[in-house]
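Below is the file work-v2.txt, which contains compact mmCIF, C-alpha atoms.
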```txt
# COMPACT_ATOMS: atom_id res chain seq x y z
CA MET A 1 84.98 -175.44 191.42
CA LYS A 2 86.33 -174.34 188.03
CA LEU A 3 86.06 -177.96 186.88
CA ALA A 4 82.52 -178.20 188.26
CA ILE A 5 81.56 -175.08 186.29
CA LYS A 6 83.20 -176.46 183.15
CA ILE A 7 81.42 -179.83 183.22
CA SER A 8 78.08 -178.24 184.10
CA LYS A 9 78.07 -176.55 180.68
CA LYS A 10 77.66 -179.96 179.03
CA GLY A 11 74.01 -179.63 179.99
CA VAL A 12 73.46 -176.42 177.98
CA GLY A 13 70.18 -176.56 176.07
CA LYS A 14 69.10 -179.82 177.73
CA VAL A 15 68.09 -178.97 181.29
CA ASN A 16 65.74 -175.96 180.97
CA PRO A 17 64.00 -174.76 183.04
CA ASN A 18 66.32 -176.45 185.56
CA PRO A 19 69.74 -174.95 186.33
CA LEU A 20 73.12 -176.04 184.99
CA VAL A 21 74.96 -177.79 187.81
CA GLY A 22 78.31 -179.54 188.07
CA ALA A 23 79.74 -181.57 190.97
CA VAL A 24 83.25 -182.85 191.70
CA ILE A 25 84.18 -185.19 194.59
CA VAL A 26 87.75 -185.00 195.95
CA LYS A 27 89.50 -187.28 198.44
CA ASP A 28 93.16 -187.11 199.47
CA ASN A 29 93.71 -184.42 196.79
CA LYS A 30 92.44 -186.74 194.04
CA ILE A 31 89.25 -186.47 192.03
CA ILE A 32 87.25 -189.64 192.68
CA GLY A 33 83.96 -188.65 191.03
CA GLN A 34 82.33 -186.01 188.90
CA GLY A 35 78.99 -185.43 187.26
CA TYR A 36 76.60 -182.84 185.90
CA HIS A 37 72.86 -182.38 185.41
CA GLU A 38 72.51 -183.97 181.98
CA TYR A 39 68.87 -183.43 181.04
CA TYR A 40 65.59 -182.16 182.48
CA GLY A 41 64.05 -184.79 184.76
CA GLY A 42 67.32 -186.72 185.00
CA ASN A 43 69.68 -187.20 187.93
CA HIS A 44 71.10 -184.09 189.54
CA ALA A 45 74.83 -183.43 189.31
CA GLU A 46 75.61 -184.76 192.80
CA VAL A 47 73.88 -188.08 192.10
CA ASN A 48 75.77 -188.53 188.83
CA ALA A 49 79.04 -187.74 190.61
CA PHE A 50 78.35 -190.47 193.18
CA GLU A 51 77.46 -192.92 190.43
CA ASN A 52 80.86 -192.30 188.81
CA LEU A 53 82.97 -192.92 191.92
CA SER A 54 86.39 -194.56 191.68
CA ASP A 55 86.89 -194.78 195.46
CA ASN A 56 84.96 -194.82 198.75
CA PRO A 57 83.60 -191.26 199.29
CA GLU A 58 83.59 -191.40 203.09
CA GLY A 59 85.41 -188.33 204.42
CA ALA A 60 85.66 -186.72 200.96
CA THR A 61 84.84 -183.16 199.87
CA ILE A 62 82.22 -182.43 197.21
CA TYR A 63 82.39 -179.22 195.18
CA VAL A 64 79.05 -178.21 193.64
CA THR A 65 78.18 -175.07 191.67
CA LEU A 66 74.70 -174.67 193.20
CA GLU A 67 73.33 -175.41 196.66
CA PRO A 68 72.18 -179.07 196.82
CA CYS A 69 68.40 -179.50 196.91
CA SER A 70 66.66 -180.59 200.09
CA HIS A 71 63.17 -181.29 198.68
CA TYR A 72 61.52 -183.98 196.59
CA GLY A 73 60.95 -182.91 192.99
CA LYS A 74 61.45 -185.10 189.95
CA THR A 75 64.33 -186.68 191.90
CA PRO A 76 65.04 -187.27 195.63
CA PRO A 77 66.91 -184.63 197.72
CA CYS A 78 70.63 -184.42 196.93
CA VAL A 79 71.50 -183.49 200.54
CA ASP A 80 70.32 -186.95 201.64
CA LYS A 81 72.64 -188.56 199.10
CA ILE A 82 75.56 -186.46 200.40
CA ILE A 83 74.79 -187.37 204.02
CA ASP A 84 74.32 -191.07 203.22
CA ASN A 85 77.72 -191.17 201.50
CA LYS A 86 79.39 -189.72 204.63
CA ILE A 87 80.88 -186.68 202.89
CA SER A 88 82.79 -184.51 205.39
CA LYS A 89 82.79 -181.17 203.56
CA VAL A 90 80.56 -179.49 200.96
CA VAL A 91 81.87 -176.51 198.99
CA ILE A 92 79.10 -174.54 197.24
CA GLY A 93 79.44 -171.94 194.50
CA THR A 94 76.18 -170.10 195.13
CA LEU A 95 72.99 -170.56 197.12
CA ASP A 96 69.84 -171.61 195.27
CA PRO A 97 67.25 -168.77 195.08
CA ASN A 98 64.47 -171.35 194.59
CA PRO A 99 62.08 -170.81 197.55
CA LEU A 100 61.93 -174.60 197.94
CA VAL A 101 65.70 -174.67 198.61
CA GLN A 102 67.07 -171.20 199.56
CA GLY A 103 69.41 -172.15 202.39
CA LYS A 104 67.51 -175.24 203.50
CA GLY A 105 70.08 -177.52 201.86
CA VAL A 106 72.95 -175.86 203.72
CA LYS A 107 70.99 -176.00 207.01
CA LYS A 108 70.33 -179.73 206.68
CA LEU A 109 73.97 -180.48 205.82
CA LYS A 110 75.22 -178.52 208.84
CA GLU A 111 72.71 -180.26 211.09
CA ALA A 112 74.21 -183.56 209.91
CA GLY A 113 77.64 -182.39 211.11
CA ILE A 114 79.01 -181.65 207.64
CA ASP A 115 81.34 -178.68 207.13
CA VAL A 116 79.82 -176.30 204.56
CA ILE A 117 81.59 -173.49 202.68
CA THR A 118 79.62 -171.18 200.36
CA GLY A 119 80.41 -168.40 197.88
CA ILE A 120 83.34 -170.01 196.04
CA LEU A 121 83.53 -168.48 192.53
CA GLU A 122 80.07 -167.16 193.35
CA GLU A 123 79.80 -164.60 190.53
CA GLU A 124 80.86 -167.19 187.92
CA CYS A 125 78.30 -169.65 189.29
CA LYS A 126 75.54 -167.01 189.26
CA GLU A 127 76.38 -166.02 185.68
CA LEU A 128 76.28 -169.68 184.69
CA ASN A 129 72.63 -169.77 185.75
CA GLU A 130 71.50 -166.20 185.16
CA VAL A 131 68.45 -167.47 183.27
CA PHE A 132 67.44 -169.80 186.10
CA MET A 133 68.20 -167.18 188.77
CA LYS A 134 65.62 -164.79 187.32
CA TYR A 135 62.99 -167.31 186.26
CA ILE A 136 62.82 -169.26 189.53
CA VAL A 137 62.18 -166.04 191.49
CA THR A 138 60.00 -163.95 189.13
CA LYS A 139 58.47 -166.69 186.92
CA LYS A 140 59.32 -164.45 183.97
CA PRO A 141 61.81 -165.36 181.24
CA PHE A 142 65.32 -163.93 181.09
CA VAL A 143 65.48 -161.89 177.85
CA VAL A 144 68.63 -161.43 175.77
CA LEU A 145 68.33 -158.74 173.09
CA LYS A 146 70.72 -159.55 170.26
CA THR A 147 71.56 -157.37 167.31
CA ALA A 148 74.26 -157.20 164.64
CA MET A 149 75.41 -153.93 163.12
CA THR A 150 78.20 -152.08 161.40
CA LEU A 151 80.66 -149.84 163.23
CA ASP A 152 78.39 -146.87 162.45
CA GLY A 153 75.34 -148.61 163.92
CA LYS A 154 73.56 -149.74 160.74
CA ILE A 155 71.72 -153.05 160.33
CA ALA A 156 71.01 -152.64 156.61
CA THR A 157 71.85 -150.47 153.64
CA ALA A 158 69.53 -147.73 152.39
CA SER A 159 68.10 -150.26 149.89
CA GLY A 160 67.36 -152.75 152.67
CA GLU A 161 70.19 -155.22 152.06
CA SER A 162 71.26 -156.83 155.33
CA LYS A 163 72.78 -160.25 154.58
CA TRP A 164 75.27 -160.50 155.97
CA ILE A 165 76.44 -157.69 158.24
CA THR A 166 78.61 -159.86 160.49
CA SER A 167 80.85 -162.86 159.86
CA ASP A 168 79.98 -166.53 159.71
CA LYS A 169 81.82 -166.98 163.01
CA SER A 170 79.54 -164.50 164.75
CA ARG A 171 76.44 -166.14 163.28
CA LYS A 172 77.57 -169.50 164.65
CA GLU A 173 77.79 -167.91 168.11
CA VAL A 174 74.18 -166.78 167.76
CA HIS A 175 73.07 -170.29 166.87
CA LYS A 176 74.73 -171.51 170.06
CA LEU A 177 72.52 -169.06 171.94
CA ARG A 178 69.46 -170.34 170.09
CA ASN A 179 70.34 -173.79 171.39
CA GLU A 180 70.92 -172.48 174.91
CA LEU A 181 67.69 -170.50 175.39
CA SER A 182 64.15 -171.87 175.40
CA ALA A 183 62.71 -169.49 172.84
CA ILE A 184 63.45 -166.97 170.11
CA MET A 185 61.26 -163.91 169.58
CA VAL A 186 60.82 -161.62 166.57
CA GLY A 187 58.26 -159.13 165.32
CA VAL A 188 55.83 -160.00 162.55
CA ASN A 189 57.56 -157.58 160.14
CA THR A 190 60.65 -159.82 160.26
CA VAL A 191 58.51 -162.83 159.32
CA ILE A 192 56.77 -160.97 156.49
CA LYS A 193 60.01 -159.52 155.09
CA ASP A 194 62.46 -162.43 155.53
CA ASN A 195 60.26 -165.52 156.09
CA PRO A 196 62.90 -167.03 158.43
CA LYS A 197 62.86 -170.52 159.96
CA LEU A 198 64.27 -169.28 163.30
CA THR A 199 65.90 -172.64 163.98
CA CYS A 200 69.21 -173.71 165.51
CA ARG A 201 71.74 -174.81 162.91
CA ILE A 202 74.46 -176.41 164.99
CA GLU A 203 75.08 -180.14 165.18
CA GLY A 204 73.21 -181.71 168.07
CA GLY A 205 71.43 -178.46 168.89
CA LYS A 206 67.74 -178.02 169.67
CA ASN A 207 65.35 -175.64 167.97
CA PRO A 208 63.94 -172.95 170.28
CA VAL A 209 60.23 -172.26 170.61
CA ARG A 210 59.44 -169.50 168.08
CA ILE A 211 57.50 -166.49 169.39
CA ILE A 212 56.10 -164.02 166.87
CA VAL A 213 54.83 -160.70 168.23
CA ASP A 214 51.94 -159.76 165.94
CA SER A 215 49.47 -157.21 167.35
CA LYS A 216 46.98 -157.41 164.48
CA LEU A 217 47.69 -160.98 163.35
CA ARG A 218 49.20 -160.13 159.98
CA ILE A 219 51.37 -163.28 159.85
CA PRO A 220 50.91 -165.20 156.56
CA THR A 221 49.61 -168.73 157.15
CA THR A 222 52.18 -169.90 154.58
CA SER A 223 55.14 -168.63 156.65
CA GLU A 224 57.94 -171.11 157.40
CA VAL A 225 57.38 -170.72 161.14
CA VAL A 226 53.75 -171.78 160.63
CA VAL A 227 54.10 -174.69 158.22
CA ASP A 228 57.55 -176.29 158.64
CA ASN A 229 56.88 -178.22 161.92
CA LEU A 230 60.57 -177.85 162.89
CA ALA A 231 59.71 -176.24 166.21
CA LYS A 232 56.73 -175.09 168.23
CA THR A 233 55.44 -171.65 167.23
CA ILE A 234 53.61 -169.18 169.45
CA VAL A 235 51.99 -166.06 168.01
CA ALA A 236 51.41 -163.28 170.54
CA THR A 237 48.59 -160.95 169.57
CA THR A 238 45.87 -158.73 171.05
CA GLU A 239 42.09 -158.54 171.21
CA LEU A 240 42.35 -156.63 167.90
CA ALA A 241 43.16 -159.89 166.10
CA ASP A 242 40.76 -161.44 163.61
CA LYS A 243 38.99 -164.40 165.27
CA GLU A 244 38.88 -166.46 162.07
CA LYS A 245 42.64 -165.97 161.60
CA ILE A 246 43.18 -167.21 165.15
CA LEU A 247 41.22 -170.39 164.39
CA ALA A 248 43.09 -170.89 161.12
CA LEU A 249 46.46 -170.65 162.86
CA GLU A 250 45.39 -172.97 165.66
CA LYS A 251 44.29 -175.58 163.11
CA LEU A 252 47.82 -175.40 161.71
CA GLY A 253 49.24 -176.21 165.16
CA VAL A 254 50.20 -172.66 166.18
CA LYS A 255 49.53 -171.58 169.77
CA VAL A 256 47.97 -168.11 169.88
CA VAL A 257 48.46 -166.07 173.06
CA ILE A 258 46.18 -163.04 173.44
CA THR A 259 47.16 -160.10 175.64
CA LYS A 260 45.33 -156.85 176.23
CA SER A 261 46.70 -154.23 173.86
CA LYS A 262 48.92 -151.42 175.08
CA ASN A 263 48.92 -148.48 172.67
CA ASN A 264 47.46 -150.89 170.06
CA ARG A 265 50.42 -153.25 170.53
CA VAL A 266 51.05 -156.47 172.43
CA ASN A 267 51.64 -155.74 176.11
CA LEU A 268 55.10 -157.25 176.46
CA GLN A 269 55.08 -157.34 180.26
CA SER A 270 51.82 -159.32 180.20
CA LEU A 271 53.27 -161.58 177.51
CA MET A 272 56.29 -162.38 179.70
CA ILE A 273 53.95 -163.52 182.47
CA GLU A 274 52.02 -165.78 180.08
CA LEU A 275 55.21 -167.25 178.61
CA GLY A 276 56.57 -167.90 182.09
CA LYS A 277 53.44 -169.87 182.93
CA ILE A 278 54.13 -172.32 180.10
CA GLY A 279 57.76 -172.86 181.09
CA ILE A 280 59.60 -170.42 178.81
CA ASP A 281 62.55 -169.44 181.02
CA GLY A 282 64.82 -167.67 178.50
CA ILE A 283 64.24 -165.73 175.28
CA LEU A 284 66.58 -164.61 172.52
CA LEU A 285 65.07 -161.42 171.11
CA GLU A 286 66.25 -160.97 167.53
CA GLY A 287 64.13 -157.98 166.56
CA GLY A 288 63.47 -156.14 164.42
CA ALA A 289 64.21 -152.60 165.36
CA THR A 290 60.66 -151.61 166.40
CA LEU A 291 60.18 -154.62 168.68
CA SER A 292 63.64 -154.12 170.16
CA PHE A 293 62.81 -150.57 171.25
CA SER A 294 59.42 -151.66 172.64
CA ALA A 295 61.14 -154.41 174.64
CA LEU A 296 63.61 -151.90 176.11
CA GLU A 297 60.87 -149.35 176.75
CA GLU A 298 58.72 -151.92 178.59
CA ASN A 299 61.72 -153.11 180.62
CA ILE A 300 61.58 -156.81 179.69
CA VAL A 301 65.24 -156.99 178.54
CA ASP A 302 67.86 -158.30 180.95
CA LYS A 303 70.95 -158.52 178.75
CA ILE A 304 72.10 -157.10 175.43
CA GLN A 305 74.44 -158.67 172.89
CA VAL A 306 75.68 -156.45 170.06
CA TYR A 307 77.83 -157.93 167.30
CA ILE A 308 79.77 -155.15 165.58
CA ALA A 309 81.27 -155.70 162.14
CA PRO A 310 84.30 -153.68 160.94
CA LYS A 311 82.24 -152.02 158.20
CA ILE A 312 80.69 -148.62 157.55
CA ILE A 313 77.48 -148.14 155.55
CA GLY A 314 76.34 -144.60 156.33
CA GLY A 315 73.18 -143.00 155.01
CA GLU A 316 70.33 -141.30 156.82
CA LYS A 317 67.84 -143.87 155.49
CA SER A 318 69.92 -146.86 156.51
CA LYS A 319 68.22 -148.58 159.46
CA THR A 320 69.68 -148.73 162.94
CA SER A 321 69.34 -151.65 165.37
CA ILE A 322 66.91 -149.90 167.74
CA GLY A 323 63.92 -148.19 166.11
CA GLY A 324 60.57 -147.06 167.45
CA GLN A 325 59.98 -143.57 168.80
CA GLY A 326 63.35 -143.38 170.48
CA ILE A 327 64.38 -141.40 173.55
CA LYS A 328 63.87 -137.62 173.43
CA LYS A 329 66.04 -136.59 176.38
CA LEU A 330 69.54 -137.84 177.16
CA SER A 331 68.57 -137.93 180.82
CA ASP A 332 66.01 -140.60 179.92
CA ALA A 333 68.45 -142.80 177.99
CA ILE A 334 68.34 -146.51 178.78
CA GLU A 335 71.45 -147.21 180.85
CA LEU A 336 73.57 -150.35 180.83
CA LYS A 337 76.01 -151.86 183.31
CA ASP A 338 78.72 -154.52 183.53
CA MET A 339 79.69 -154.06 179.89
CA THR A 340 82.28 -156.39 178.38
CA VAL A 341 83.89 -156.52 174.94
CA LYS A 342 85.46 -159.54 173.29
CA SER A 343 86.76 -160.32 169.85
CA ILE A 344 85.03 -162.79 167.55
CA SER A 345 87.37 -162.00 164.71
CA PRO A 346 86.83 -160.00 162.60
CA ASP A 347 83.84 -158.78 164.63
CA LEU A 348 83.45 -157.52 168.19
CA LEU A 349 80.84 -158.73 170.67
CA VAL A 350 79.66 -156.19 173.23
CA GLU A 351 77.60 -157.57 176.14
CA ALA A 352 75.90 -155.59 178.88
CA TYR A 353 73.07 -155.81 181.38
CA LEU A 354 70.18 -153.42 181.84
CA ARG A 355 70.62 -151.14 184.81
CA GLY A 356 67.64 -151.43 187.15
CA GLY A 357 66.33 -154.62 185.52
CA GLU A 358 64.46 -157.41 187.30
CA LYS A 359 67.54 -159.66 187.78
```

How does this structure look as structure tokens?
Amino acid sequence: MKLAIKISKKGVGKVNPNPLVGAVIVKDNKIIGQGYHEYYGGNHAEVNAFENLSDNPEGATIYVTLEPCSHYGKTPPCVDKIIDNKISKVVIGTLDPNPLVQGKGVKKLKEAGIDVITGILEEECKELNEVFMKYIVTKKPFVVLKTAMTLDGKIATASGESKWITSDKSRKEVHKLRNELSAIMVGVNTVIKDNPKLTCRIEGGKNPVRIIVDSKLRIPTTSEVVVDNLAKTIVATTELADKEKILALEKLGVKVVITKSKNNRVNLQSLMIELGKIGIDGILLEGGATLSFSALEENIVDKIQVYIAPKIIGGEKSKTSIGGQGIKKLSDAIELKDMTVKSISPDLLVEAYLRGGEK
């Protein structure tokens, strides 16, 4: 199962909104086939494993990270392939929450007389597909809020200088996440101030869809995200937006999504529903500080990544990673769970999930 998890990760950034899946076939204590879901619309992991066989699979055991499908989608049901190849045992990491599958695969395998074991390295398999697990059930994207700050919580100096807080190594990790998730989201102030490209700069990586939250449509039509054609750009705005500006952006190839305003801002919960409808299953939220607080306040964040540099800036006017109005009472503080810390030398990466989120 560990090998199945490992090979499944070769599909990172290529299978969305499908899950990452790996499969390993074992006979007489020898691996005779392995495969993974390589790209969206392509063969599932089980099929690829059977196509890479080095021996007759009759009587073998197949280890698969996610419950095999039992329905026709872009490809035929994997359970039929397992039954046809006369596999004797199927070991599954975690059940598929997809209503089209959800235990039906296991039921069909058992009815065919195949021994089925579930829940092997279940937590690891669920974490592997945490984006899929939320999206397939709620039809809303899994949101990762990422920020980088100094040890004293600052994201810029009092004069506004912010490049670079963290190390090159940490920034490369972020670009891996840009490749992994479907979209990247920032507020319009970030676009106006920094004019970023918001692309993925790792070899062989894909550029995420760029989502700009812009309540009053202040985005310059000369911005990189508007004119560079390196990735699709979506601007989320409200009914307060200028109609002529909307037309101008659409002529430039930008998709404009209009939500009803909430306190004169984009309603982020409504935006998540609209983004889910067009297949955005995961979002990397890179700020700025005002949007980050709004996202936490409106409960659209599932996971937080904080890169902490071994530096101190200080200063009352130096910005912090989470802005907005802030929390007035400690009893109302936004609580996290399952926090982990790892070294990305010289920085630290703190990861945690939102307590009471939609996961």

Leaving out Val350 (chain A) and any residue of its chain fewer than 4 positions from it, which residues lie within 6 Å of it when counting all atoms listed in the file, given as a list in words? Gln305, Val306, Thr340 and Val341 of chain A

Please write the residues from the selection above to a file, keeping C-alpha atoms, as a PDB file, keeping the file's coordinate frame.
```
ATOM      1  CA  GLN A 305      74.440-158.670 172.890  1.00  0.00           C
ATOM      2  CA  VAL A 306      75.680-156.450 170.060  1.00  0.00           C
ATOM      3  CA  THR A 340      82.280-156.390 178.380  1.00  0.00           C
ATOM      4  CA  VAL A 341      83.890-156.520 174.940  1.00  0.00           C
TER       5      VAL A 341
END
```

Hey, can you check how far CA of Ala49 (chain A) sits from CA of Thr61 (chain A)?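 One can read the CA of Ala49 (chain A) to CA of Thr61 (chain A) distance as 11.8 Å.
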
Which residues are near region 95-98 of chain A? Cut-off 8 Å, all atoms listed in the file, ignore same chain within fewer than 6 positions. Put them as a PyMOL selection string. chain A and resi 66-68+118-119+133+136-137

Could you tell me how far CA of Tyr307 (chain A) sits from CA of Thr147 (chain A), in Å to one decimal place? 6.3 Å

Tell me, as a PyMOL selection string, which residues lie within 10 Å of Arg265 (chain A), counting only C-alpha atoms; anything in the same chain fewer than 4 positions away does not count. chain A and resi 213-216+237-240+259-261+294

Report as a VMD selection string all protein, DNA and RNA residues lying within 8 Å of Lys9 (chain A), evaluated on all atoms listed in the file, omitting residues in the same chain fewer than 4 positions from it. chain A and resid 5 20 to 22
